[in-house]
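Heads up, my_file_12.cif below (mmCIF, C-alpha atoms):
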```cif
data_final
loop_
_atom_site.label_atom_id
_atom_site.label_comp_id
_atom_site.auth_asym_id
_atom_site.auth_seq_id
_atom_site.Cartn_x
_atom_site.Cartn_y
_atom_site.Cartn_z
CA MET A 122 -30.42 -14.02 23.09
CA LEU A 123 -28.39 -17.18 23.63
CA ASP A 124 -28.84 -18.03 19.95
CA ALA A 125 -27.38 -14.69 18.96
CA ILE A 126 -24.35 -15.14 21.19
CA LEU A 127 -23.81 -18.66 19.90
CA VAL A 128 -24.16 -17.65 16.26
CA MET A 129 -21.80 -14.70 16.56
CA SER A 130 -19.17 -16.63 18.52
CA GLY A 131 -19.46 -19.54 16.10
CA LEU A 132 -18.98 -17.19 13.18
CA ALA A 133 -16.02 -15.51 14.82
CA LEU A 134 -14.49 -18.86 15.75
CA PHE A 135 -14.93 -20.18 12.22
CA LEU A 136 -13.44 -17.09 10.57
CA GLY A 137 -10.65 -16.92 13.12
CA SER A 138 -9.63 -20.52 12.58
CA LEU A 139 -9.92 -20.09 8.82
CA LEU A 140 -7.57 -17.09 8.96
CA GLY A 141 -5.23 -18.87 11.37
CA TYR A 142 -5.09 -21.89 9.11
CA ALA A 143 -4.59 -19.72 6.03
CA SER A 144 -1.75 -17.78 7.58
CA ILE A 145 0.09 -21.05 8.32
CA ARG A 146 -0.84 -22.82 5.09
CA PHE A 147 -0.06 -19.84 2.87
CA HIS A 148 2.90 -18.55 4.84
CA VAL A 149 5.26 -16.59 2.62
CA GLN A 150 8.92 -16.93 3.34
CA GLY A 151 10.93 -13.80 2.77
CA ASN A 152 13.81 -13.99 0.33
CA ALA A 153 16.65 -15.24 2.55
CA LEU A 154 19.38 -13.86 0.30
CA VAL A 155 17.89 -10.36 0.35
CA GLU A 156 17.85 -10.50 4.17
CA LYS A 157 21.53 -11.46 4.29
CA ILE A 158 22.60 -8.75 1.85
CA ASP A 159 20.49 -6.20 3.68
CA ALA A 160 22.20 -7.16 6.94
CA ILE A 161 25.62 -6.37 5.42
CA LEU A 162 24.61 -2.98 4.00
CA PRO A 163 25.22 -0.06 6.37
CA GLN A 164 21.55 1.07 6.58
CA THR A 165 22.39 4.72 6.01
CA GLN A 166 19.48 4.91 3.49
CA CYS A 167 21.58 7.50 1.66
CA ALA A 168 20.50 6.38 -1.84
CA GLN A 169 23.97 7.00 -3.27
CA CYS A 170 23.76 3.56 -4.88
CA GLY A 171 20.95 4.84 -7.10
CA PHE A 172 18.20 2.97 -5.24
CA PRO A 173 15.76 4.55 -2.76
CA GLY A 174 17.36 2.82 0.23
CA CYS A 175 19.38 -0.11 1.46
CA ARG A 176 16.60 -2.66 1.16
CA PRO A 177 15.79 -1.92 -2.51
CA TYR A 178 19.53 -2.06 -3.25
CA ALA A 179 19.76 -5.45 -1.52
CA GLU A 180 16.84 -6.70 -3.63
CA ALA A 181 18.52 -5.40 -6.77
CA ILE A 182 21.78 -7.18 -5.92
CA ALA A 183 19.92 -10.42 -5.21
CA GLU A 184 18.20 -10.24 -8.60
CA GLY A 185 21.44 -9.38 -10.36
CA ARG A 186 20.22 -5.91 -11.37
CA ALA A 187 22.99 -4.08 -9.52
CA GLU A 188 26.72 -4.40 -8.93
CA ILE A 189 28.08 -4.93 -5.43
CA ASN A 190 30.36 -1.89 -5.60
CA GLN A 191 27.79 0.91 -5.45
CA CYS A 192 27.76 1.59 -1.71
CA PRO A 193 30.19 4.34 -0.62
CA PRO A 194 29.29 4.37 3.11
CA GLY A 195 29.94 0.64 3.37
CA GLY A 196 33.31 1.05 1.71
CA GLU A 197 35.74 -1.62 0.59
CA ALA A 198 35.14 -3.78 3.65
CA ASN A 199 31.46 -4.19 2.78
CA ILE A 200 32.23 -5.01 -0.84
CA HIS A 201 34.51 -7.80 0.39
CA LYS A 202 31.73 -9.18 2.57
CA LEU A 203 29.24 -9.04 -0.30
CA ALA A 204 31.72 -10.69 -2.66
CA ASP A 205 32.24 -13.51 -0.14
CA LEU A 206 28.50 -13.96 0.38
CA LEU A 207 27.65 -14.03 -3.31
CA GLY A 208 30.78 -15.86 -4.46
CA VAL A 209 31.74 -13.19 -6.99
CA GLU A 210 34.95 -11.31 -7.72
CA PHE A 211 35.83 -8.28 -5.59
CA LYS A 212 35.44 -4.96 -7.40
CA SER A 213 36.72 -1.67 -6.08
CA LEU A 214 34.16 1.00 -5.25
CA ASN A 215 32.52 2.54 -8.30
CA ALA A 216 33.61 6.20 -8.20
CA LYS A 217 30.39 7.22 -9.96
CA HIS A 218 28.46 6.61 -6.74
CA GLY A 219 30.82 8.59 -4.50
CA ALA A 220 33.88 8.03 -2.37
CA GLU A 221 34.29 6.44 1.02
CA LYS A 222 34.38 9.11 3.74
CA PRO A 223 35.04 8.96 7.46
CA LYS A 224 31.86 8.41 9.45
CA SER A 225 30.28 11.75 10.17
CA VAL A 226 26.96 13.18 11.31
CA ALA A 227 25.08 16.23 10.12
CA PHE A 228 25.08 19.36 12.26
CA ILE A 229 22.63 22.27 12.00
CA ASP A 230 23.91 25.78 12.68
CA GLU A 231 21.03 26.91 14.83
CA ASN A 232 21.75 30.62 14.33
CA THR A 233 21.16 30.31 10.61
CA CYS A 234 18.28 27.81 10.58
CA ILE A 235 14.99 29.41 9.51
CA GLY A 236 12.78 26.45 10.44
CA CYS A 237 11.60 25.57 6.94
CA THR A 238 11.30 21.78 7.65
CA LEU A 239 12.75 20.87 4.22
CA CYS A 240 15.58 18.88 5.80
CA ILE A 241 13.09 16.99 7.99
CA GLN A 242 11.26 15.80 4.89
CA ALA A 243 14.53 14.70 3.30
CA CYS A 244 15.81 12.70 6.28
CA PRO A 245 15.31 8.97 5.63
CA VAL A 246 15.71 7.94 9.28
CA ASP A 247 13.75 10.71 11.09
CA ALA A 248 16.87 11.95 12.83
CA ILE A 249 15.89 15.64 12.63
CA SER A 250 13.45 17.16 15.08
CA GLY A 251 11.82 20.54 14.77
CA ALA A 252 8.64 22.34 13.83
CA PRO A 253 7.78 24.97 11.18
CA LYS A 254 9.35 28.38 11.99
CA HIS A 255 11.30 26.85 14.87
CA MET A 256 14.91 25.87 14.53
CA HIS A 257 15.67 22.20 13.99
CA THR A 258 18.25 19.98 15.54
CA ILE A 259 19.79 16.66 14.65
CA LEU A 260 19.73 13.64 16.92
CA SER A 261 23.31 12.58 16.42
CA GLN A 262 22.69 9.02 17.66
CA GLU A 263 20.10 8.51 14.91
CA CYS A 264 21.95 10.30 12.10
CA THR A 265 23.48 7.92 9.56
CA GLY A 266 25.52 10.61 7.82
CA CYS A 267 23.76 10.16 4.50
CA GLU A 268 24.01 13.89 3.58
CA LEU A 269 20.52 13.90 2.04
CA CYS A 270 19.53 16.91 4.18
CA ILE A 271 22.32 19.17 2.90
CA GLU A 272 20.93 19.60 -0.61
CA PRO A 273 17.37 20.84 0.25
CA CYS A 274 18.52 23.39 2.91
CA PRO A 275 17.81 26.89 1.47
CA VAL A 276 20.21 28.69 3.85
CA ASP A 277 23.04 26.10 3.79
CA CYS A 278 23.11 25.78 7.56
CA ILE A 279 23.82 22.03 7.64
CA SER A 280 27.38 20.77 7.71
CA MET A 281 28.89 17.33 8.14
CA VAL A 282 30.96 16.87 11.30
CA PRO A 283 33.23 13.81 11.46
CA VAL A 284 32.53 11.65 14.47
CA ALA A 285 35.42 11.83 16.89
CA VAL A 286 36.81 8.44 17.75
CA THR A 287 36.22 7.76 21.42
CA VAL A 288 36.69 4.73 23.60
CA SER A 289 33.05 3.78 23.18
CA ASN A 290 32.87 3.80 19.36
CA TRP A 291 36.41 2.76 18.36
CA LYS A 292 36.61 -0.34 16.17
CA TRP A 293 39.43 -2.46 14.79
CA LYS A 294 40.37 -1.48 11.26
CA ALA A 295 39.51 -4.06 8.64
CA PRO A 296 42.56 -6.34 8.15
CA SER A 297 44.92 -4.99 5.49
CA TYR A 298 45.04 -8.26 3.53
CA LEU A 299 41.39 -7.65 2.61
CA GLN A 300 42.27 -4.35 1.00
CA GLU A 301 45.25 -5.80 -0.87
CA ALA A 302 43.29 -8.74 -2.24
CA GLY A 303 41.42 -6.48 -4.66
CA MET L 392 -31.51 -16.21 -17.95
CA GLU L 393 -32.90 -12.93 -19.16
CA SER L 394 -33.55 -11.76 -15.63
CA TYR L 395 -29.91 -12.40 -14.73
CA LEU L 396 -28.73 -10.29 -17.65
CA LEU L 397 -31.18 -7.63 -16.57
CA ILE L 398 -29.70 -7.59 -13.06
CA LEU L 399 -26.20 -7.19 -14.48
CA VAL L 400 -27.09 -4.35 -16.83
CA SER L 401 -29.20 -2.65 -14.22
CA THR L 402 -26.50 -2.72 -11.53
CA VAL L 403 -23.69 -1.67 -13.86
CA PHE L 404 -25.45 1.19 -15.61
CA VAL L 405 -28.89 2.10 -14.32
CA ASN L 406 -28.44 1.70 -10.57
CA ASN L 407 -24.72 2.34 -10.59
CA ILE L 408 -23.53 1.93 -7.02
CA VAL L 409 -21.41 5.08 -6.99
CA LEU L 410 -23.19 7.55 -9.21
CA VAL L 411 -26.82 6.63 -8.58
CA LYS L 412 -26.87 4.93 -5.17
CA ILE L 413 -24.04 7.19 -3.91
CA LEU L 414 -22.24 4.38 -2.07
CA GLY L 415 -18.48 3.86 -1.88
CA LEU L 416 -17.63 7.51 -2.35
CA CYS L 417 -14.47 7.41 -0.23
CA PRO L 418 -12.44 5.20 -2.63
CA PHE L 419 -14.15 7.00 -5.53
CA MET L 420 -12.65 10.32 -4.45
CA GLY L 421 -9.57 8.92 -2.73
CA VAL L 422 -8.15 6.32 -5.10
CA SER L 423 -8.95 8.06 -8.38
CA LYS L 424 -5.87 10.26 -8.70
CA LYS L 425 -3.95 7.67 -10.71
CA LEU L 426 -5.25 5.29 -13.33
CA GLU L 427 -3.15 2.30 -12.21
CA ALA L 428 -4.31 2.59 -8.62
CA ALA L 429 -7.92 2.84 -9.81
CA VAL L 430 -7.56 -0.37 -11.82
CA GLY L 431 -6.03 -2.16 -8.81
CA MET L 432 -8.76 -0.94 -6.49
CA GLY L 433 -11.44 -1.94 -8.99
CA ALA L 434 -10.06 -5.46 -9.35
CA ALA L 435 -9.76 -5.97 -5.59
CA THR L 436 -13.25 -4.63 -4.96
CA THR L 437 -14.80 -6.82 -7.67
CA PHE L 438 -13.28 -9.92 -6.14
CA VAL L 439 -14.27 -9.14 -2.56
CA LEU L 440 -17.76 -7.90 -3.43
CA THR L 441 -18.68 -10.96 -5.44
CA LEU L 442 -17.45 -13.29 -2.73
CA GLY L 443 -18.92 -11.10 0.00
CA SER L 444 -22.42 -10.92 -1.42
CA GLY L 445 -22.50 -14.69 -1.99
CA SER L 446 -21.42 -15.58 1.53
CA SER L 447 -23.58 -12.88 3.13
CA TYR L 448 -26.58 -14.42 1.38
CA LEU L 449 -25.71 -17.86 2.75
CA ILE L 450 -25.27 -16.45 6.24
CA SER L 451 -28.50 -14.50 6.34
CA LYS L 452 -30.45 -17.40 4.83
CA TYR L 453 -29.06 -20.40 6.71
CA LEU L 454 -27.32 -19.07 9.81
CA LEU L 455 -29.44 -16.14 10.92
CA GLY L 456 -32.89 -16.81 9.51
CA PRO L 457 -35.82 -14.54 10.39
CA ASP L 458 -35.32 -14.83 14.18
CA LEU L 459 -31.85 -13.36 14.30
CA SER L 460 -32.23 -10.85 11.50
CA TYR L 461 -31.17 -8.04 13.86
CA LEU L 462 -27.65 -9.51 13.65
CA THR L 463 -27.50 -8.98 9.89
CA THR L 464 -25.33 -5.88 9.77
CA ILE L 465 -22.79 -6.94 12.36
CA SER L 466 -22.41 -10.45 10.98
CA PHE L 467 -21.96 -9.07 7.45
CA ILE L 468 -19.21 -6.78 8.70
CA VAL L 469 -17.46 -9.69 10.41
CA VAL L 470 -17.72 -11.92 7.36
CA ILE L 471 -16.53 -9.25 4.93
CA ALA L 472 -13.55 -8.39 7.14
CA GLY L 473 -12.73 -12.09 7.34
CA ILE L 474 -12.96 -12.56 3.59
CA VAL L 475 -10.77 -9.55 2.92
CA GLN L 476 -8.10 -10.85 5.29
CA PHE L 477 -8.29 -14.34 3.83
CA THR L 478 -8.03 -12.96 0.30
CA GLU L 479 -5.01 -10.92 1.26
CA ILE L 480 -3.19 -13.93 2.71
CA VAL L 481 -3.98 -16.15 -0.27
CA VAL L 482 -3.10 -13.52 -2.89
CA LYS L 483 0.19 -12.82 -1.12
CA LYS L 484 1.12 -16.48 -1.44
CA VAL L 485 -0.34 -17.30 -4.84
CA SER L 486 0.50 -14.17 -6.81
CA PRO L 487 3.03 -11.73 -5.31
CA VAL L 488 2.68 -9.62 -8.46
CA LEU L 489 -1.05 -9.13 -7.96
CA TYR L 490 -0.38 -8.51 -4.26
CA GLN L 491 2.00 -5.70 -5.19
CA VAL L 492 -0.52 -4.23 -7.63
CA LEU L 493 -3.41 -4.31 -5.15
CA GLY L 494 -1.14 -3.27 -2.29
CA ILE L 495 -2.85 -1.21 0.39
CA TYR L 496 -6.20 -1.24 -1.44
CA LEU L 497 -7.02 -4.77 -0.40
CA PRO L 498 -7.32 -4.10 3.36
CA LEU L 499 -8.90 -0.71 2.59
CA ILE L 500 -11.90 -2.48 1.08
CA THR L 501 -13.01 -3.63 4.53
CA THR L 502 -14.18 -0.10 5.24
CA ASN L 503 -15.79 0.44 1.84
CA CYS L 504 -19.47 1.14 2.34
CA ALA L 505 -20.39 -0.28 -1.07
CA VAL L 506 -19.13 -3.67 0.08
CA LEU L 507 -21.51 -3.65 3.03
CA GLY L 508 -24.27 -1.85 1.12
CA ILE L 509 -24.65 -4.43 -1.63
CA PRO L 510 -25.28 -7.44 0.66
CA LEU L 511 -27.81 -5.35 2.58
CA LEU L 512 -29.53 -4.31 -0.65
CA ASN L 513 -29.56 -7.97 -1.70
CA LEU L 514 -31.45 -8.75 1.45
CA GLN L 515 -33.89 -5.90 0.89
CA GLU L 516 -34.64 -6.96 -2.68
CA LYS L 517 -35.04 -10.63 -1.63
CA HIS L 518 -32.58 -11.93 -4.21
CA ASP L 519 -31.78 -15.65 -4.39
CA PHE L 520 -28.21 -16.97 -4.34
CA VAL L 521 -27.34 -16.54 -8.03
CA GLN L 522 -29.06 -13.18 -8.16
CA SER L 523 -27.09 -12.06 -5.12
CA LEU L 524 -23.83 -13.09 -6.73
CA LEU L 525 -24.72 -11.29 -9.97
CA PHE L 526 -25.89 -8.22 -8.09
CA GLY L 527 -22.59 -8.14 -6.20
CA MET L 528 -20.53 -8.66 -9.33
CA GLY L 529 -22.53 -6.15 -11.35
CA GLY L 530 -22.25 -3.56 -8.60
CA ALA L 531 -18.51 -4.11 -8.40
CA VAL L 532 -18.04 -3.96 -12.17
CA GLY L 533 -20.03 -0.73 -12.23
CA PHE L 534 -17.90 0.61 -9.39
CA SER L 535 -14.65 -0.29 -11.18
CA MET L 536 -15.85 1.16 -14.45
CA VAL L 537 -16.82 4.48 -12.92
CA LEU L 538 -13.64 4.58 -10.84
CA ILE L 539 -11.44 4.01 -13.88
CA LEU L 540 -13.35 6.55 -16.00
CA PHE L 541 -13.12 9.09 -13.20
CA ALA L 542 -9.39 8.45 -12.71
CA GLY L 543 -8.83 8.98 -16.43
CA ILE L 544 -10.69 12.28 -16.31
CA ARG L 545 -8.82 13.41 -13.20
CA GLU L 546 -5.45 12.64 -14.78
CA ARG L 547 -6.40 14.95 -17.63
CA LEU L 548 -7.74 17.57 -15.23
CA GLU L 549 -4.25 17.77 -13.68
CA ALA L 550 -3.00 19.27 -16.91
CA ALA L 551 -6.09 21.36 -17.62
CA ASP L 552 -6.25 25.10 -17.00
CA VAL L 553 -8.74 25.09 -14.13
CA PRO L 554 -9.62 28.42 -12.44
CA GLU L 555 -7.77 28.82 -9.13
CA PRO L 556 -10.71 28.37 -6.70
CA PHE L 557 -11.81 25.16 -8.44
CA ARG L 558 -8.43 23.37 -8.35
CA GLY L 559 -8.10 19.96 -6.75
CA GLY L 560 -11.01 18.57 -4.76
CA SER L 561 -13.62 21.05 -5.96
CA ILE L 562 -13.28 20.31 -9.66
CA ALA L 563 -13.26 16.59 -8.84
CA MET L 564 -16.60 17.01 -7.06
CA VAL L 565 -18.02 18.98 -9.99
CA THR L 566 -16.81 16.26 -12.37
CA ALA L 567 -18.40 13.55 -10.24
CA GLY L 568 -21.69 15.45 -10.27
CA LEU L 569 -21.62 15.77 -14.05
CA MET L 570 -20.83 12.07 -14.40
CA SER L 571 -23.72 11.26 -12.09
CA MET L 572 -26.06 13.31 -14.26
CA ALA L 573 -24.75 11.54 -17.36
CA PHE L 574 -25.54 8.19 -15.77
CA MET L 575 -29.11 9.35 -15.14
CA GLY L 576 -29.46 8.99 -18.91
CA PHE L 577 -29.42 5.23 -18.51
CA SER L 578 -32.48 5.26 -16.28
CA GLY L 579 -34.92 4.34 -19.05
CA LEU L 580 -32.84 1.32 -20.10
CA VAL L 581 -34.25 -1.20 -17.64
CA LYS L 582 -37.67 -0.85 -16.08
#
```
File written out as structure tokens:
Amino acid sequence: MLDAILVMSGLALFLGSLLGYASIRFHVQGNALVEKIDAILPQTQCAQCGFPGCRPYAEAIAEGRAEINQCPPGGEANIHKLADLLGVEFKSLNAKHGAEKPKSVAFIDENTCIGCTLCIQACPVDAISGAPKHMHTILSQECTGCELCIEPCPVDCISMVPVAVTVSNWKWKAPSYLQEAG
Amino acid sequence: MESYLLILVSTVFVNNIVLVKILGLCPFMGVSKKLEAAVGMGAATTFVLTLGSGSSYLISKYLLGPDLSYLTTISFIVVIAGIVQFTEIVVKKVSPVLYQVLGIYLPLITTNCAVLGIPLLNLQEKHDFVQSLLFGMGGAVGFSMVLILFAGIRERLEAADVPEPFRGGSIAMVTAGLMSMAFMGFSGLVK
């Protein structure tokens, strides 16, 4: 009995220390540049840049596969930040990917909603709650305003509502010299 | 030398782990929808199985012995899980490309019954170290081969005009049964 306990604990100890050692010895450092670019991007996951989300876009920028001016939600201010980070020339937003809009959130007209769950599947940030055949609603704190839920809705009950500026979410405008520099 | 070759041929074709021994059916049905995924799963399984059967032999021979043989199954599970984790860490560092290809399939192997079945069969058949390694490798190669063949067939089945009630899982099961019968044809190859 004691043998068995000793053997099993020895085995577990050996494998555990082997794994512990391996995880330190073979530690993989994430790509620091990708992290920095990803931190600048607005995390709307709207895919307007042509990539599935902000992270893939950040990876593409880091590898030089994408331009820095493909992110409409981030707007001019973000392009300036990216240009500074990467040491490249500022480019104005590529109109092909959309235009900069005021920050807004999606709103579901609950009288029209038929509970088909299509918008829930489209939402990249799980901001829509609801169940089949029951009306859905949008958690406005979670919504990034990416507009991906508008397209799949079969009854067109989703609309974008601009976020009213209140004391709690008001921010300084980006300095005007940044906009003129382009 | 000849006996080693015999073990390889016999495990790959005659006693194929999936179609004859009916082990490892979950990845066989689950990871065979796409050819690329099947190739990745096959490669990962081959690596882990070869390593796993070698180290399980060493453990049962030198660590457990005849007295503690009732610990065989549980210690094999622990060792295989450890090896899989270790492999994952090393592959992630050494070859990120391979890590991306294998992806989720690497940790999935821990719960693959073929990976536990082969070391246990090794024990039953009283193989020595080299034979155990070959048995593990042969079993894994047979597994990969069948998985890739099956994935190829299933990709074609997607486009085929299958009667409504047979679509999806049912026709896959029928296909697997037919493949199993085809592999019975190898049974006279090695005595």
Near chain L, which residues of chain A fall within 12 Å when you count all atoms listed in the file, and what do they look like as a PyMOL selection string?
chain A and resi 122-151
Coordinates-based distance that separates atom CA of Ser225 of chain A from atom CA of Val282 of chain A (Å, one decimal):
5.3 Å
I need the residue set behind the PyMOL selection byres ((chain A and resi 194) around 9) for this file; please write it as a PyMOL selection string.
chain A and resi 162-163+165+167+169+192-193+195-196+199+219-224+266-267
For the structure shown, which residues end up in the PyMOL selection byres ((chain A and resi 201) around 10)? Put them as a PyMOL selection string, please?
chain A and resi 189-190+196-200+202-207+209-213+299-300+302-303
Could you tell me how far atom CA of Val403 of chain L sits from atom CA of Gly568 of chain L, in Å to one decimal place?
17.6 Å
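Here atom CA of Gln191 of chain A and atom CA of Pro245 of chain A stand 18.5 Å from one another.
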Name the residues captured by the PyMOL selection byres ((chain L and resi 539) around 8) when it is applied to the shown file; answer as a ChimeraX atom specification.
/L:423,426,429-430,433,535-538,540-543
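Closest approach to Pro418 of chain L among L:Leu493, L:Cys504, L:Leu397, L:Val475: L:Cys504, based on all atoms listed in the file.
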Met432 of chain L environment, 12 Å, all atoms listed in the file, sequence neighbours closer than 5 positions dropped, as a PDB file with C-alpha atoms, in the coordinates of the input:
```pdb
ATOM      1  CA  GLY L 415     -18.480   3.860  -1.880  1.00  0.00           C
ATOM      2  CA  CYS L 417     -14.470   7.410  -0.230  1.00  0.00           C
ATOM      3  CA  PRO L 418     -12.440   5.200  -2.630  1.00  0.00           C
ATOM      4  CA  PHE L 419     -14.150   7.000  -5.530  1.00  0.00           C
ATOM      5  CA  GLY L 421      -9.570   8.920  -2.730  1.00  0.00           C
ATOM      6  CA  VAL L 422      -8.150   6.320  -5.100  1.00  0.00           C
ATOM      7  CA  SER L 423      -8.950   8.060  -8.380  1.00  0.00           C
ATOM      8  CA  LYS L 424      -5.870  10.260  -8.700  1.00  0.00           C
ATOM      9  CA  LYS L 425      -3.950   7.670 -10.710  1.00  0.00           C
ATOM     10  CA  LEU L 426      -5.250   5.290 -13.330  1.00  0.00           C
ATOM     11  CA  GLU L 427      -3.150   2.300 -12.210  1.00  0.00           C
ATOM     12  CA  THR L 437     -14.800  -6.820  -7.670  1.00  0.00           C
ATOM     13  CA  PHE L 438     -13.280  -9.920  -6.140  1.00  0.00           C
ATOM     14  CA  VAL L 439     -14.270  -9.140  -2.560  1.00  0.00           C
ATOM     15  CA  LEU L 440     -17.760  -7.900  -3.430  1.00  0.00           C
ATOM     16  CA  LEU L 489      -1.050  -9.130  -7.960  1.00  0.00           C
ATOM     17  CA  TYR L 490      -0.380  -8.510  -4.260  1.00  0.00           C
ATOM     18  CA  GLN L 491       2.000  -5.700  -5.190  1.00  0.00           C
ATOM     19  CA  VAL L 492      -0.520  -4.230  -7.630  1.00  0.00           C
ATOM     20  CA  LEU L 493      -3.410  -4.310  -5.150  1.00  0.00           C
ATOM     21  CA  GLY L 494      -1.140  -3.270  -2.290  1.00  0.00           C
ATOM     22  CA  ILE L 495      -2.850  -1.210   0.390  1.00  0.00           C
ATOM     23  CA  TYR L 496      -6.200  -1.240  -1.440  1.00  0.00           C
ATOM     24  CA  LEU L 497      -7.020  -4.770  -0.400  1.00  0.00           C
ATOM     25  CA  PRO L 498      -7.320  -4.100   3.360  1.00  0.00           C
ATOM     26  CA  LEU L 499      -8.900  -0.710   2.590  1.00  0.00           C
ATOM     27  CA  ILE L 500     -11.900  -2.480   1.080  1.00  0.00           C
ATOM     28  CA  ASN L 503     -15.790   0.440   1.840  1.00  0.00           C
ATOM     29  CA  ALA L 531     -18.510  -4.110  -8.400  1.00  0.00           C
ATOM     30  CA  VAL L 532     -18.040  -3.960 -12.170  1.00  0.00           C
ATOM     31  CA  PHE L 534     -17.900   0.610  -9.390  1.00  0.00           C
ATOM     32  CA  SER L 535     -14.650  -0.290 -11.180  1.00  0.00           C
ATOM     33  CA  MET L 536     -15.850   1.160 -14.450  1.00  0.00           C
ATOM     34  CA  VAL L 537     -16.820   4.480 -12.920  1.00  0.00           C
ATOM     35  CA  LEU L 538     -13.640   4.580 -10.840  1.00  0.00           C
ATOM     36  CA  ILE L 539     -11.440   4.010 -13.880  1.00  0.00           C
ATOM     37  CA  ALA L 542      -9.390   8.450 -12.710  1.00  0.00           C
TER      38      ALA L 542
END
```
Would you pick out the contacts of Met528 of chain L at 12 Å or less, using all atoms listed in the file, so that residues sharing its chain but fewer than 5 positions from it are not included, and give the list as a compact mmCIF listing (two decimals) with C-alpha atoms, keeping the file's coordinate frame?
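Listed below is the output, out-v5.txt:
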```txt
# COMPACT_ATOMS: atom_id res chain seq x y z
CA TYR L 395 -29.91 -12.40 -14.73
CA LEU L 396 -28.73 -10.29 -17.65
CA ILE L 398 -29.70 -7.59 -13.06
CA LEU L 399 -26.20 -7.19 -14.48
CA VAL L 400 -27.09 -4.35 -16.83
CA SER L 401 -29.20 -2.65 -14.22
CA THR L 402 -26.50 -2.72 -11.53
CA VAL L 403 -23.69 -1.67 -13.86
CA ASN L 407 -24.72 2.34 -10.59
CA ILE L 408 -23.53 1.93 -7.02
CA GLY L 433 -11.44 -1.94 -8.99
CA ALA L 434 -10.06 -5.46 -9.35
CA ALA L 435 -9.76 -5.97 -5.59
CA THR L 436 -13.25 -4.63 -4.96
CA THR L 437 -14.80 -6.82 -7.67
CA PHE L 438 -13.28 -9.92 -6.14
CA VAL L 439 -14.27 -9.14 -2.56
CA LEU L 440 -17.76 -7.90 -3.43
CA THR L 441 -18.68 -10.96 -5.44
CA LEU L 442 -17.45 -13.29 -2.73
CA GLY L 443 -18.92 -11.10 0.00
CA SER L 444 -22.42 -10.92 -1.42
CA GLY L 445 -22.50 -14.69 -1.99
CA ALA L 505 -20.39 -0.28 -1.07
CA VAL L 506 -19.13 -3.67 0.08
CA ILE L 509 -24.65 -4.43 -1.63
CA PRO L 510 -25.28 -7.44 0.66
CA ASN L 513 -29.56 -7.97 -1.70
CA VAL L 521 -27.34 -16.54 -8.03
CA GLN L 522 -29.06 -13.18 -8.16
CA SER L 523 -27.09 -12.06 -5.12
CA GLY L 533 -20.03 -0.73 -12.23
CA PHE L 534 -17.90 0.61 -9.39
CA SER L 535 -14.65 -0.29 -11.18
```
Contacts of segment 234-237 of chain A at 6 Å (all atoms listed in the file; same-chain gap of 5+ positions) as a list in words:
Pro253, Lys254, His255 and Met256 of chain A
Name the closest residue to Gly576 of chain L among the candidates L:Leu410, L:Met392, L:Asp552, L:Pro457; distances are taken between atoms, counting all atoms listed in the file.
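Distance minimum relative to Gly576 of chain L lands on L:Leu410.
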Nearby residues, (25.4, 23.5, 7.3) file frame, 7 Å, all atoms listed in the file, as a PyMOL selection string:
chain A and resi 228-230+271+277-280
